[in-house]
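Peer 1: Pasting a structure here, questions to come.
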Amino acid sequence: MEAARRTLDGLVGRSPVAKAGPAHVATLKTFDPPLAALEGRRLAGARRRGKHLLFPTEDGGLVLHVHLMSAGRIRFLEPGAKGPKTPAFRLVLEDGGELVLTEAGAKKRARVGVYRPEELEAELAHLGPEADEIDAERLGEILRRESRRLHPFLRDQRALAGIGRAWSNEILNRARLSPYSLTTELDGDEVERLAETIRETLAKGLELRLRGASDAKAHRVHDRLGRPCPNCGTPIARVDFEEHTIYYCPECQTAGRVLKDRRLSRLLR
Ligand SMILES: [Zn+2]
């Protein structure tokens, strides 16, 4: 998301908004102020809070909010560039440049909205601190709040903002921690290592994305079943859940244990 923000930051404010919309009915989450309220205003650039992209207007009156969820993609098209016929959302600048949001698959989950700044602040107030800036002390406090498994903890935007499913897999592998370890059971060294790994992994991922690498290229563990673990060469294993899949190394992360979907085994018991 940070890579997208950096790319868009210098482009979206090039000229005022000529036309905001249309947006897919399932994508647009606000109606007051209307999308058209952006027209005639200039965007100040692209900001980010966790996985949320924010485009405040230069006059400070409004903020365009975009959340890509898991399958959304946002791009800036130069005037005349070939774009998608029916994007989930389109915003056209006066110079002809376009901000275009598309979403793969049938499920429309990506979100677009126009907010007054104070409304957006309230909307995002639940987010935890930014993951890419977390230090061991702060992470330790958050880990101790509640006992839960590490993988869902890392994905929880209320705990830490900015980490999704794929990067949770990358971080835990690099830190050699089990996705099923409990947050309250990490010792001081492990907390230190996890904080450092979160920052390093996200920084490395950002660097790769800025150099133009695709997700598939930026990931070393996620979606790489059977490929060698980058730490120890053991084939990567996975455990499936309804909404996500955990990829992990059964050698250096779980000490030889194969993880099971606990919810399923509970149902079968
Ligand atoms: Zn390994």
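Residues in the structure tokens are named by chain (A, B, ... in the order shown) and by number from 1 within that chain; ligands are numbered from 1 in the order shown.
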Using only C-alpha atoms, which residues sit within 9 Å of stretch 214-227 of chain A once same-chain residues fewer than 3 positions away are excluded, as a list in words?

Peer 2: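 In the requested format, the answer is Arg165, Ala166, Trp167, Ser168, Asn169, Glu170, Asn173, Lys204, Gly205, Leu206, Leu208, Arg209, Pro230, Gly233, Thr234, Pro235, Ile236, Ala237, Arg238, Thr245, Ile246, Tyr247, Tyr248 and Cys249 of chain A.
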
Peer 1: For the residues selected in the previous step, produce a file with C-alpha atoms as a PDB file, in the first residue's frame.

Peer 2:
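Once everything was written out, this is again_11.pdb:
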ATOM      1  CA  ARG A 165      -2.590 -11.884   5.111  1.00  0.00           C
ATOM      2  CA  ALA A 166       0.377 -12.237   2.787  1.00  0.00           C
ATOM      3  CA  TRP A 167       2.767 -10.132   4.856  1.00  0.00           C
ATOM      4  CA  SER A 168       1.736 -11.942   8.063  1.00  0.00           C
ATOM      5  CA  ASN A 169       3.052 -15.100   6.428  1.00  0.00           C
ATOM      6  CA  GLU A 170       6.268 -13.391   5.352  1.00  0.00           C
ATOM      7  CA  ASN A 173       8.575 -16.992   8.564  1.00  0.00           C
ATOM      8  CA  LYS A 204      12.051  -4.875   2.051  1.00  0.00           C
ATOM      9  CA  GLY A 205       8.618  -5.455   0.502  1.00  0.00           C
ATOM     10  CA  LEU A 206       8.236  -1.744  -0.173  1.00  0.00           C
ATOM     11  CA  LEU A 208      10.789  -4.516  -4.083  1.00  0.00           C
ATOM     12  CA  ARG A 209       7.407  -3.036  -5.014  1.00  0.00           C
ATOM     13  CA  PRO A 230      14.124 -18.997   2.560  1.00  0.00           C
ATOM     14  CA  GLY A 233      15.120 -24.920   2.529  1.00  0.00           C
ATOM     15  CA  THR A 234      12.290 -27.092   3.928  1.00  0.00           C
ATOM     16  CA  PRO A 235       9.232 -27.151   1.623  1.00  0.00           C
ATOM     17  CA  ILE A 236       6.681 -24.510   2.652  1.00  0.00           C
ATOM     18  CA  ALA A 237       3.435 -25.954   4.065  1.00  0.00           C
ATOM     19  CA  ARG A 238       0.013 -24.375   4.363  1.00  0.00           C
ATOM     20  CA  THR A 245      -4.382 -19.343   4.009  1.00  0.00           C
ATOM     21  CA  ILE A 246      -1.429 -19.580   6.334  1.00  0.00           C
ATOM     22  CA  TYR A 247       1.870 -20.480   4.662  1.00  0.00           C
ATOM     23  CA  TYR A 248       4.689 -21.494   6.985  1.00  0.00           C
ATOM     24  CA  CYS A 249       7.808 -23.594   7.330  1.00  0.00           C
TER      25      CYS A 249
END

Peer 1: As number ranges by chain, please: every residue in stretch 3-222 of chain A that a backbone DSSP assignment puts in strand (DSSP E or B).

Peer 2: A: 17-23, 28, 43, 47-49, 52-57, 63-67, 72-77, 89-93, 98-103, 111-115, 130, 149, 161, 182

Peer 1: When distances are computed from only C-alpha atoms, which of A:Pro129, A:Pro22, A:Pro16, A:Gly105 shows the smallest separation from A:Thr86?

Peer 2: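 The answer is A:Pro22, which sits nearest to A:Thr86.
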
Peer 1: Rank nothing, just name the residue among A:Ile198, A:Met69, A:Cys229, A:Val191 nearest to ligand 1, using only C-alpha atoms and all ligand atoms.

Peer 2: A:Cys229

Peer 1: Which residues are close to A:Glu207, i.e. within 12 Å by only C-alpha atoms, leaving aside same-chain residues fewer than 4 positions away? Reply as a PDB file with N, CA and C atoms, in the first residue's frame.

Peer 2:
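Dumped to selection_30.pdb:
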ATOM      1  N   MET A   1       0.829  -1.211   0.000  1.00  0.00           N
ATOM      2  CA  MET A   1       0.000   0.000   0.000  1.00  0.00           C
ATOM      3  C   MET A   1       0.861   1.257   0.000  1.00  0.00           C
ATOM      4  N   GLU A   2       1.961   1.180   0.740  1.00  0.00           N
ATOM      5  CA  GLU A   2       2.875   2.324   0.763  1.00  0.00           C
ATOM      6  C   GLU A   2       3.487   2.559  -0.627  1.00  0.00           C
ATOM      7  N   ALA A   3       3.742   1.482  -1.349  1.00  0.00           N
ATOM      8  CA  ALA A   3       4.288   1.633  -2.700  1.00  0.00           C
ATOM      9  C   ALA A   3       3.265   2.356  -3.586  1.00  0.00           C
ATOM     10  N   ALA A   4       1.996   1.975  -3.460  1.00  0.00           N
ATOM     11  CA  ALA A   4       0.941   2.625  -4.246  1.00  0.00           C
ATOM     12  C   ALA A   4       0.838   4.104  -3.858  1.00  0.00           C
ATOM     13  N   ARG A   6       3.136   6.087  -2.635  1.00  0.00           N
ATOM     14  CA  ARG A   6       4.267   6.877  -3.155  1.00  0.00           C
ATOM     15  C   ARG A   6       4.140   7.139  -4.647  1.00  0.00           C
ATOM     16  N   GLU A 200      11.564  -4.652   9.116  1.00  0.00           N
ATOM     17  CA  GLU A 200      12.457  -5.063   8.020  1.00  0.00           C
ATOM     18  C   GLU A 200      11.693  -5.657   6.840  1.00  0.00           C
ATOM     19  N   THR A 201      10.739  -6.529   7.156  1.00  0.00           N
ATOM     20  CA  THR A 201       9.998  -7.220   6.096  1.00  0.00           C
ATOM     21  C   THR A 201       9.173  -6.217   5.290  1.00  0.00           C
ATOM     22  N   LEU A 202       8.516  -5.286   5.990  1.00  0.00           N
ATOM     23  CA  LEU A 202       7.705  -4.295   5.280  1.00  0.00           C
ATOM     24  C   LEU A 202       8.594  -3.360   4.456  1.00  0.00           C
ATOM     25  N   ALA A 203       9.746  -3.006   5.006  1.00  0.00           N
ATOM     26  CA  ALA A 203      10.668  -2.118   4.275  1.00  0.00           C
ATOM     27  C   ALA A 203      11.200  -2.816   3.025  1.00  0.00           C
ATOM     28  N   ARG A 211      10.556  -1.055  -6.940  1.00  0.00           N
ATOM     29  CA  ARG A 211      11.381  -1.421  -8.092  1.00  0.00           C
ATOM     30  C   ARG A 211      10.559  -2.122  -9.160  1.00  0.00           C
ATOM     31  N   GLY A 212       9.254  -2.243  -8.892  1.00  0.00           N
ATOM     32  CA  GLY A 212       8.366  -2.782  -9.919  1.00  0.00           C
ATOM     33  C   GLY A 212       8.046  -4.255  -9.778  1.00  0.00           C
ATOM     34  N   ALA A 213       8.475  -4.900  -8.680  1.00  0.00           N
ATOM     35  CA  ALA A 213       8.191  -6.327  -8.504  1.00  0.00           C
ATOM     36  C   ALA A 213       6.698  -6.537  -8.257  1.00  0.00           C
ATOM     37  N   SER A 214       6.159  -7.621  -8.796  1.00  0.00           N
ATOM     38  CA  SER A 214       4.760  -7.978  -8.533  1.00  0.00           C
ATOM     39  C   SER A 214       4.693  -8.576  -7.132  1.00  0.00           C
ATOM     40  N   LYS A 217       6.501 -11.788  -6.915  1.00  0.00           N
ATOM     41  CA  LYS A 217       7.969 -11.647  -6.829  1.00  0.00           C
ATOM     42  C   LYS A 217       8.398 -11.185  -5.443  1.00  0.00           C
ATOM     43  N   ALA A 218       7.553 -10.376  -4.799  1.00  0.00           N
ATOM     44  CA  ALA A 218       7.920  -9.809  -3.499  1.00  0.00           C
ATOM     45  C   ALA A 218       7.767 -10.835  -2.374  1.00  0.00           C
TER      46      ALA A 218
END

Peer 1: Please determine, counting only C-alpha atoms, which residue among A:Gly13, A:Lys19, A:Glu98, A:Ala131 has the shortest atom-to-atom distance to A:Ile171.

Peer 2: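 Looking only at the distances to A:Ile171, the closest residue turns out to be A:Ala131.
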
Peer 1: Using only C-alpha atoms, determine which residues lie at most 9 Å from A:Arg75, disregarding the query and same-chain residues fewer than 2 positions distant; provide the list as a PyMOL selection string.

Peer 2: chain A and resi 4+7-8+73+77+98-102

Peer 1: So the first atom is atom CA of A:Ala71 and the second is atom CA of A:Ala122; what is the distance between them in Å, to one decimal place?

Peer 2: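 Between these atoms lies a distance of 25.4 Å.
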
Peer 1: Within 7 Å of A:Arg176, counting only C-alpha atoms, which residues show up once you throw out same-chain ones fewer than 4 positions away? Write them as a list in words, please.

Peer 2: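 The contact residues come out as Leu172, Cys252 and Gln253 of chain A.
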
Peer 1: Output C-alpha atoms of each residue in that selection to a file, as a PDB file, in the first residue's frame.

Peer 2:
ATOM      1  CA  LEU A 172       6.336 -14.918  10.818  1.00  0.00           C
ATOM      2  CA  CYS A 252      12.021 -23.511  11.435  1.00  0.00           C
ATOM      3  CA  GLN A 253       8.652 -22.113  12.546  1.00  0.00           C
TER       4      GLN A 253
END
